[in-house]
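Q: Below is the file input-v6.csv, which contains CSV, C-alpha atoms.
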chain,number,residue,atom,x,y,z
A,14,MET,CA,79.8,80.7,103.0
A,15,ILE,CA,83.2,82.4,102.9
A,16,PHE,CA,84.5,84.1,99.8
A,17,VAL,CA,88.3,84.0,99.1
A,18,ALA,CA,89.9,86.3,96.5
A,19,GLY,CA,93.2,85.3,94.9
A,20,ALA,CA,92.4,81.7,95.8
A,21,THR,CA,95.3,80.1,93.9
A,22,GLY,CA,97.9,82.7,95.1
A,23,ASN,CA,100.6,82.2,97.8
A,24,VAL,CA,98.3,83.5,100.5
A,25,GLY,CA,94.8,82.9,99.1
A,26,SER,CA,95.5,79.3,98.6
A,27,GLU,CA,96.5,78.9,102.2
A,28,VAL,CA,93.3,80.7,103.3
A,29,VAL,CA,91.3,78.3,101.3
A,30,ARG,CA,93.2,75.3,102.7
A,31,ALA,CA,92.7,76.4,106.3
A,32,LEU,CA,89.0,77.1,105.9
A,33,ALA,CA,88.4,73.8,104.1
A,34,ALA,CA,90.3,72.0,106.9
A,35,ALA,CA,88.0,73.6,109.4
A,36,GLY,CA,85.0,72.3,107.5
A,37,ALA,CA,83.8,75.8,106.4
A,38,PRO,CA,82.1,76.2,103.0
A,39,VAL,CA,84.4,78.2,100.7
A,40,ARG,CA,83.8,80.0,97.5
A,41,ALA,CA,87.2,80.4,95.8
A,42,LEU,CA,87.7,83.2,93.2
A,43,VAL,CA,89.9,81.9,90.4
A,44,ARG,CA,90.7,82.7,86.8
A,45,ASP,CA,89.6,79.4,85.4
A,46,PRO,CA,87.2,77.3,87.5
A,47,GLU,CA,87.6,74.3,85.2
A,48,ARG,CA,91.3,74.1,85.8
A,49,ALA,CA,91.5,75.2,89.4
A,50,ARG,CA,92.9,72.7,91.9
A,51,LEU,CA,91.2,73.3,95.2
A,52,PRO,CA,90.7,71.3,98.4
A,53,ASP,CA,87.6,69.1,98.6
A,54,GLY,CA,84.5,71.2,99.5
A,55,ALA,CA,85.8,74.4,98.0
A,56,GLU,CA,83.7,75.9,95.2
A,57,ALA,CA,85.5,77.6,92.3
A,58,VAL,CA,84.0,80.7,90.8
A,59,SER,CA,85.2,83.3,88.4
A,60,GLY,CA,85.0,87.1,88.4
A,61,ASP,CA,87.2,90.2,88.0
A,62,LEU,CA,88.1,92.1,91.2
A,63,ASP,CA,88.9,95.1,89.0
A,64,ARG,CA,85.3,95.0,87.7
A,65,PRO,CA,83.1,94.7,90.7
A,66,GLY,CA,79.9,94.1,88.7
A,67,THR,CA,81.3,90.7,87.7
A,68,LEU,CA,81.2,89.5,91.3
A,69,THR,CA,77.5,89.6,91.9
A,70,GLY,CA,77.0,85.9,91.6
A,71,ALA,CA,80.2,85.0,93.4
A,72,LEU,CA,79.2,87.0,96.4
A,73,LYS,CA,75.6,85.8,96.7
A,74,GLY,CA,75.0,84.3,100.1
A,75,VAL,CA,78.5,85.1,101.4
A,76,HIS,CA,78.9,85.7,105.1
A,77,ALA,CA,82.6,86.8,105.2
A,78,ALA,CA,85.1,87.7,102.5
A,79,PHE,CA,88.9,87.6,102.3
A,80,LEU,CA,90.0,90.4,100.0
A,81,LEU,CA,93.3,91.6,98.4
A,82,PRO,CA,94.4,95.3,98.2
A,83,GLY,CA,95.1,97.5,95.3
A,84,HIS,CA,92.4,96.8,92.8
A,85,ALA,CA,91.2,99.4,90.3
A,86,ASP,CA,88.0,100.3,92.0
A,87,MET,CA,88.2,99.4,95.7
A,88,PRO,CA,85.2,101.6,96.7
A,89,GLY,CA,83.2,99.9,94.0
A,90,LEU,CA,84.3,96.5,95.1
A,91,LEU,CA,83.3,97.2,98.7
A,92,THR,CA,80.0,98.6,97.5
A,93,GLU,CA,79.3,95.2,95.8
A,94,VAL,CA,80.4,93.4,98.9
A,95,ARG,CA,78.1,95.4,101.1
A,96,ARG,CA,75.2,95.0,98.6
A,97,ALA,CA,75.6,91.3,98.8
A,98,GLY,CA,75.1,91.4,102.6
A,99,VAL,CA,78.6,90.3,103.5
A,100,GLU,CA,79.0,90.8,107.3
A,101,HIS,CA,82.8,90.7,107.7
A,102,VAL,CA,85.8,91.6,105.4
A,103,VAL,CA,89.3,90.4,106.2
A,104,LEU,CA,91.7,92.5,104.1
A,105,LEU,CA,95.3,91.5,103.3
A,106,SER,CA,97.2,94.8,103.7
A,107,GLY,CA,100.8,95.7,104.6
A,108,GLY,CA,102.9,97.0,107.4
A,109,SER,CA,103.4,100.5,106.0
A,110,ALA,CA,99.6,101.1,105.5
A,111,GLY,CA,99.3,103.0,108.8
A,112,SER,CA,102.2,105.4,108.1
A,113,GLY,CA,100.0,107.9,106.1
A,114,ASP,CA,102.8,108.4,103.5
A,115,MET,CA,100.9,108.7,100.3
A,116,THR,CA,104.0,109.6,98.3
A,117,ASN,CA,105.1,105.9,98.6
A,118,ALA,CA,103.3,103.9,95.9
A,119,VAL,CA,103.0,100.7,97.9
A,120,THR,CA,101.9,102.4,101.1
A,121,ARG,CA,99.3,104.4,99.0
A,122,TYR,CA,97.5,101.5,97.5
A,123,MET,CA,97.5,99.6,100.9
A,124,ALA,CA,96.2,102.7,102.7
A,125,GLN,CA,93.6,103.5,100.1
A,126,SER,CA,92.4,99.9,100.2
A,127,GLU,CA,92.0,100.0,104.0
A,128,ALA,CA,90.2,103.3,103.7
A,129,ALA,CA,87.7,101.8,101.2
A,130,VAL,CA,87.0,99.0,103.6
A,131,ARG,CA,86.5,101.3,106.6
A,132,GLU,CA,84.3,103.6,104.7
A,133,SER,CA,82.1,100.8,103.4
A,134,GLY,CA,80.6,100.2,106.8
A,135,VAL,CA,81.2,96.5,106.6
A,136,PRO,CA,82.9,95.1,109.8
A,137,TRP,CA,86.6,94.5,109.1
A,138,THR,CA,89.9,92.9,110.1
A,139,PHE,CA,93.1,94.1,108.6
A,140,LEU,CA,96.2,91.8,108.2
A,141,ARG,CA,99.5,93.7,108.1
A,142,PRO,CA,102.1,90.9,107.8
A,143,SER,CA,105.8,91.1,107.4
A,144,GLY,CA,107.4,89.9,104.2
A,145,PHE,CA,106.5,86.4,103.0
A,146,MET,CA,108.9,83.5,103.1
A,147,SER,CA,107.6,82.6,99.7
A,148,ASN,CA,109.4,85.7,98.3
A,149,ALA,CA,112.5,83.5,98.4
A,150,LEU,CA,111.0,81.8,95.3
A,151,ARG,CA,112.2,84.8,93.3
A,152,TRP,CA,115.7,83.3,93.6
A,153,LEU,CA,114.7,80.1,91.8
A,154,PRO,CA,116.2,81.0,88.4
A,155,GLN,CA,119.5,81.9,90.1
A,156,ILE,CA,119.5,78.6,92.1
A,157,GLN,CA,118.9,76.7,88.9
A,158,ALA,CA,121.7,78.5,87.2
A,159,GLY,CA,124.4,78.3,89.8
A,160,ASP,CA,125.5,78.8,93.4
A,161,GLN,CA,125.7,82.6,93.7
A,162,ILE,CA,122.4,84.3,94.7
A,163,ARG,CA,122.4,88.1,94.1
A,164,VAL,CA,120.3,89.8,96.8
A,165,PRO,CA,119.2,93.4,97.1
A,166,PHE,CA,119.2,95.2,100.5
A,167,PRO,CA,121.7,92.6,102.0
A,168,THR,CA,121.8,94.3,105.5
A,169,VAL,CA,118.0,94.4,105.9
A,170,ALA,CA,116.6,91.7,108.2
A,171,VAL,CA,112.9,90.6,107.9
A,172,ALA,CA,110.9,88.5,110.3
A,173,CYS,CA,109.3,86.9,107.3
A,174,VAL,CA,106.1,84.9,107.7
A,175,ASP,CA,105.1,81.6,106.1
A,176,PRO,CA,101.9,82.1,104.0
A,177,PHE,CA,100.7,78.9,105.7
A,178,ASP,CA,100.6,80.8,109.0
A,179,LEU,CA,99.1,83.9,107.4
A,180,GLY,CA,96.3,81.7,105.9
A,181,ALA,CA,95.7,80.2,109.3
A,182,VAL,CA,95.4,83.7,110.9
A,183,ALA,CA,93.0,84.9,108.2
A,184,ALA,CA,90.9,81.8,108.5
A,185,ARG,CA,90.5,82.3,112.3
A,186,ALA,CA,89.4,85.9,111.7
A,187,LEU,CA,87.0,84.8,109.0
A,188,LEU,CA,85.4,82.1,111.1
A,189,GLY,CA,84.6,84.2,114.1
A,190,ASP,CA,83.7,87.6,115.4
A,191,GLY,CA,86.6,88.0,117.8
A,192,TYR,CA,88.9,90.0,115.6
A,193,ARG,CA,86.4,92.5,114.1
A,194,GLY,CA,87.8,96.0,114.1
A,195,GLU,CA,91.3,94.8,114.8
A,196,ILE,CA,94.6,95.1,112.9
A,197,LEU,CA,96.7,91.9,113.1
A,198,TRP,CA,100.4,91.8,112.5
A,199,PRO,CA,101.5,88.2,111.6
A,200,THR,CA,105.3,87.6,111.5
A,201,GLY,CA,107.6,84.7,111.6
A,202,PRO,CA,109.6,83.7,114.7
A,203,GLU,CA,112.9,85.3,113.8
A,204,ALA,CA,114.4,88.1,111.8
A,205,LEU,CA,116.7,86.9,109.0
A,206,LEU,CA,119.1,88.6,106.6
A,207,PRO,CA,118.9,87.5,103.0
A,208,ALA,CA,122.2,85.7,103.5
A,209,ASP,CA,120.7,83.8,106.4
A,210,GLN,CA,117.8,82.7,104.2
A,211,VAL,CA,120.3,81.6,101.5
A,212,ALA,CA,122.3,79.6,104.1
A,213,VAL,CA,119.1,77.8,105.1
A,214,LEU,CA,118.3,77.0,101.5
A,215,ALA,CA,121.8,75.7,101.0
A,216,ARG,CA,121.5,73.4,103.9
A,217,VAL,CA,118.0,72.1,103.0
A,218,LEU,CA,119.0,71.6,99.3
A,219,GLY,CA,122.5,70.2,100.0
A,220,ARG,CA,124.0,73.0,97.8
A,221,ASP,CA,126.9,75.3,98.2
A,222,LEU,CA,124.8,78.4,97.8
A,223,ARG,CA,126.2,81.8,98.6
A,224,ALA,CA,124.5,85.2,98.9
A,225,VAL,CA,126.1,88.1,97.0
A,226,GLY,CA,124.9,91.5,98.3
A,227,LEU,CA,124.1,94.0,95.6
A,228,SER,CA,125.0,97.7,96.0
A,229,ASP,CA,122.1,100.1,96.0
A,230,GLU,CA,123.0,101.1,92.4
A,231,GLU,CA,123.0,97.5,91.3
A,232,ALA,CA,119.8,96.8,93.1
A,233,ARG,CA,118.0,99.8,91.5
A,234,ALA,CA,119.2,98.8,88.1
A,235,GLU,CA,117.9,95.2,88.4
A,236,MET,CA,114.6,96.1,90.0
A,237,SER,CA,114.0,98.8,87.4
A,238,ALA,CA,114.1,96.2,84.7
A,239,ALA,CA,111.3,94.3,86.5
A,240,MET,CA,108.9,96.8,87.9
A,241,PRO,CA,107.7,100.4,87.5
A,242,ALA,CA,109.9,103.2,88.9
A,243,GLU,CA,107.4,104.2,91.5
A,244,TYR,CA,107.6,100.7,93.1
A,245,VAL,CA,111.4,100.7,93.0
A,246,ASP,CA,111.3,104.0,94.8
A,247,ALA,CA,108.9,102.6,97.3
A,248,PHE,CA,111.1,99.7,98.2
A,249,PHE,CA,114.1,101.9,98.5
A,250,ASP,CA,112.1,104.1,100.8
A,251,PHE,CA,111.3,101.0,102.9
A,252,TYR,CA,114.7,99.3,103.0
A,253,VAL,CA,117.3,102.0,102.3
A,254,ASP,CA,115.7,105.0,103.9
A,255,GLY,CA,114.3,102.8,106.7
A,256,SER,CA,110.7,103.9,106.7
A,257,LEU,CA,109.5,100.3,107.3
A,258,ASP,CA,111.0,98.0,109.9
A,259,GLU,CA,110.0,94.3,109.3
A,260,SER,CA,112.5,92.9,111.7
A,261,ILE,CA,110.1,93.1,114.6
A,262,VAL,CA,109.0,89.6,115.8
A,263,ARG,CA,105.4,89.7,117.0
A,264,PRO,CA,103.3,87.1,118.9
A,265,THR,CA,100.3,87.3,116.5
A,266,VAL,CA,100.4,83.8,115.0
A,267,GLN,CA,100.8,82.2,118.4
A,268,GLU,CA,98.0,84.3,119.9
A,269,VAL,CA,95.5,83.7,117.1
A,270,THR,CA,96.2,80.1,116.1
A,271,GLY,CA,97.5,78.7,119.4
A,272,ARG,CA,100.8,77.4,117.9
A,273,ALA,CA,104.1,78.9,117.1
A,274,PRO,CA,104.8,80.3,113.6
A,275,ARG,CA,106.8,78.2,111.3
A,276,THR,CA,110.5,78.9,110.8
A,277,PHE,CA,112.1,79.6,107.4
A,278,GLU,CA,113.8,76.2,107.6
A,279,GLN,CA,110.4,74.6,107.9
A,280,TRP,CA,109.1,76.5,105.0
A,281,ALA,CA,112.2,75.6,102.9
A,282,ASN,CA,111.8,71.9,103.7
A,283,ALA,CA,108.1,72.0,102.7
A,284,HIS,CA,109.0,73.6,99.4
A,285,ALA,CA,112.3,72.0,98.6
A,286,ASP,CA,111.0,70.1,95.6
A,287,GLY,CA,110.0,73.4,94.0
A,288,PHE,CA,113.7,74.5,94.2
A,289,ARG,CA,115.0,71.3,92.7
A,290,ARG,CA,113.0,71.3,89.5
Mind converting the file's structure to structure tokens?
A:
Amino acid sequence: MIFVAGATGNVGSEVVRALAAAGAPVRALVRDPERARLPDGAEAVSGDLDRPGTLTGALKGVHAAFLLPGHADMPGLLTEVRRAGVEHVVLLSGGSAGSGDMTNAVTRYMAQSEAAVRESGVPWTFLRPSGFMSNALRWLPQIQAGDQIRVPFPTVAVACVDPFDLGAVAARALLGDGYRGEILWPTGPEALLPADQVAVLARVLGRDLRAVGLSDEEARAEMSAAMPAEYVDAFFDFYVDGSLDESIVRPTVQEVTGRAPRTFEQWANAHADGFRR
């Protein structure tokens, strides 16, 4: 049995899909098991990752677990995982986790989550992907409203990864022992600027979309309205100060899955209906 946290999220849903396609028994953690839409063979369970004691039943008989970072009591969560007899944890982390910069709020919660897994004594695999292609969904309200897409950090290229590929990599790690003790770095096949992504969406949707780059001042103002200041500062540290380079294209997806990672255009075609609603 394999436990998957965040089983209806962008990444967790793809992990569940890949495991189910491989015929593996999956226990999917969801908010509402009665309403969850899961692949055939996946078992929906409820629990709260911020309250590890609620997961005792969900973790019973689990061999391997896919976990998300940044929960309120990561050491307590890993204690519950170890107590259940789980033999392997695959943790979704981030590219900055190894920098050791605990002044950056995003890096801090990633690094602390990795430390909790390491210190638990449970064998582990860490995934440190580049940014997700699905982050482009944040432009949906602007696309519905018109043809101009306001983008922060317009000069920053990212080799963004399709969550489909990230789910496939996670599933391979969960299903075998070959990646225990390893840090995997899934990326997409090419580094794209925000304007490049908007141009792909324009072509796929048959729209005259145009990216409008925000100044740092404009970006900070818009981001500050949507998230805490410490996270705004973290992203400025990454993309303005340059502490994180997500433009590097790595062979991880090909090496782990045996096939090339999907392009942004493939992702956009697969999700075009979501942009047309």
Q: So that I can see what lies close to stretch 283-287 of chain A, please list as a ChimeraX atom specification the residues with an atom at most 12 Å from it, counting all atoms listed in the file and leaving out residues fewer than 6 positions away in the same chain.
A: /A:146-147,149-154,156-157,175-177,213-220,275-277
Q: Write out as a Markdown table a residue-level contact list of stretch 159-194 of chain A versus stretch 26-42 of chain A with cut-off 6 Å: for each qualifying residue the closest pair of atoms and the distance in Å to one decimal, counting all atoms listed in the file, rows sorted by chain and residue number upward.
A:
| residue | atom | partner | partner_atom | distance |
| --- | --- | --- | --- | --- |
| A:Phe177 | CA | A:Glu27 | CA | 5.5 |
| A:Gly180 | CA | A:Val28 | CA | 4.1 |
| A:Ala181 | CA | A:Ala31 | CA | 5.7 |
| A:Ala184 | CA | A:Leu32 | CA | 5.7 |
Q: Would you mind reading off the distance between atom CA of A:Leu140 and atom CA of A:Thr67, one decimal, in Å?
A: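 We find that atom CA of A:Leu140 and atom CA of A:Thr67 lie 25.4 Å from each other.
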Q: If I take atom CA of A:Pro207 and atom CA of A:Arg272, how far is one from the other in Å, to one decimal?
A: 25.5 Å
Q: Could you list, as a PyMOL selection string, every residue within 12 Å of A:Gly111, counting only C-alpha atoms and ignoring same-chain residues fewer than 2 positions away?
A: chain A and resi 106-109+113-115+119-128+139-141+196+198+256-257
Q: Could you list, as a PyMOL selection string, every residue within 8 Å of stretch 259-261 of chain A, counting only C-alpha atoms and ignoring same-chain residues fewer than 5 positions away?
A: chain A and resi 108+143-144+170-173+200+203-205
Q: If the box runs along x, y and z of the file and leaves 4 Å on each side of stretch 259-265 of chain A, what are its centre and edge lengths in Å, one decimal, as lines of an AutoDock Vina configuration file?
A:
center_x = 106.4
center_y = 90.7
center_z = 114.1
size_x = 20.2
size_y = 15.2
size_z = 17.6
Q: Would you be able to write out as number ranges by chain which residues have an atom within 8 Å of (76.0, 96.0, 93.6) in the file's coordinates, counting only C-alpha atoms?
A: A: 65-66, 69, 92-97
Q: With only C-alpha atoms as the atoms that count, which of A:Asp61, A:Glu195, A:Glu100, A:Asp86 lies nearest to A:Gly74?
A: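 Smallest separation from A:Gly74 among the options: A:Glu100.
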Q: A:Asp53, A:Asp250, A:Glu47, A:Asp209: which is nearest A:Gly226, counting all atoms listed in the file?
A: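 Of A:Asp53, A:Asp250, A:Glu47, A:Asp209, the one nearest A:Gly226, counting all atoms listed in the file, is A:Asp209.
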Q: I need the residue nearest A:Val75 from this list: A:Glu268, A:Thr116, A:Leu187, A:Gly134. Use all atoms listed in the file for the distance.
A: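 Closest residue, counting all atoms listed in the file: A:Leu187.
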Q: Generate N, CA and C atoms for stretch 226-251 of chain A and emit them as a compact mmCIF listing (two decimals), in the frame of the given file.
A:
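Below is the file that was written, result-v8.txt:
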# COMPACT_ATOMS: atom_id res chain seq x y z
N GLY A 226 125.64 90.25 98.08
CA GLY A 226 124.90 91.50 98.30
C GLY A 226 125.08 92.47 97.16
N LEU A 227 124.00 93.02 96.66
CA LEU A 227 124.10 94.00 95.60
C LEU A 227 124.23 95.42 96.26
N SER A 228 124.97 96.28 95.59
CA SER A 228 125.00 97.70 96.00
C SER A 228 123.63 98.30 95.70
N ASP A 229 123.34 99.45 96.29
CA ASP A 229 122.10 100.10 96.00
C ASP A 229 121.92 100.42 94.52
N GLU A 230 123.03 100.80 93.88
CA GLU A 230 123.00 101.10 92.40
C GLU A 230 122.66 99.86 91.63
N GLU A 231 123.29 98.74 91.99
CA GLU A 231 123.00 97.50 91.30
C GLU A 231 121.57 97.03 91.52
N ALA A 232 121.13 97.17 92.76
CA ALA A 232 119.80 96.80 93.10
C ALA A 232 118.75 97.61 92.33
N ARG A 233 118.97 98.89 92.26
CA ARG A 233 118.00 99.80 91.50
C ARG A 233 117.99 99.40 90.06
N ALA A 234 119.12 99.11 89.49
CA ALA A 234 119.20 98.80 88.10
C ALA A 234 118.39 97.46 87.80
N GLU A 235 118.62 96.44 88.64
CA GLU A 235 117.90 95.20 88.40
C GLU A 235 116.44 95.27 88.68
N MET A 236 116.05 95.99 89.73
CA MET A 236 114.60 96.10 90.00
C MET A 236 113.92 96.98 88.99
N SER A 237 114.61 97.97 88.45
CA SER A 237 114.00 98.80 87.40
C SER A 237 113.67 98.09 86.16
N ALA A 238 114.39 96.99 85.93
CA ALA A 238 114.10 96.20 84.70
C ALA A 238 112.88 95.30 84.93
N ALA A 239 112.41 95.19 86.19
CA ALA A 239 111.30 94.30 86.50
C ALA A 239 110.05 94.91 86.97
N MET A 240 110.11 96.20 87.36
CA MET A 240 108.90 96.80 87.90
C MET A 240 108.93 98.33 87.65
N PRO A 241 107.77 98.98 87.72
CA PRO A 241 107.70 100.40 87.50
C PRO A 241 108.57 101.20 88.50
N ALA A 242 109.03 102.37 88.07
CA ALA A 242 109.90 103.20 88.90
C ALA A 242 109.34 103.54 90.23
N GLU A 243 108.02 103.81 90.28
CA GLU A 243 107.40 104.20 91.50
C GLU A 243 107.47 103.10 92.60
N TYR A 244 107.46 101.85 92.15
CA TYR A 244 107.60 100.70 93.10
C TYR A 244 109.00 100.52 93.52
N VAL A 245 109.94 100.72 92.60
CA VAL A 245 111.40 100.70 93.00
C VAL A 245 111.63 101.72 94.05
N ASP A 246 111.13 102.94 93.82
CA ASP A 246 111.30 104.00 94.80
C ASP A 246 110.68 103.64 96.14
N ALA A 247 109.54 102.97 96.09
CA ALA A 247 108.90 102.60 97.30
C ALA A 247 109.71 101.62 98.14
N PHE A 248 110.30 100.62 97.49
CA PHE A 248 111.10 99.70 98.20
C PHE A 248 112.42 100.28 98.73
N PHE A 249 112.95 101.23 98.00
CA PHE A 249 114.10 101.90 98.50
C PHE A 249 113.76 102.80 99.71
N ASP A 250 112.57 103.37 99.69
CA ASP A 250 112.10 104.10 100.80
C ASP A 250 111.99 103.21 102.06
N PHE A 251 111.46 102.00 101.85
CA PHE A 251 111.30 101.00 102.90
C PHE A 251 112.65 100.59 103.50
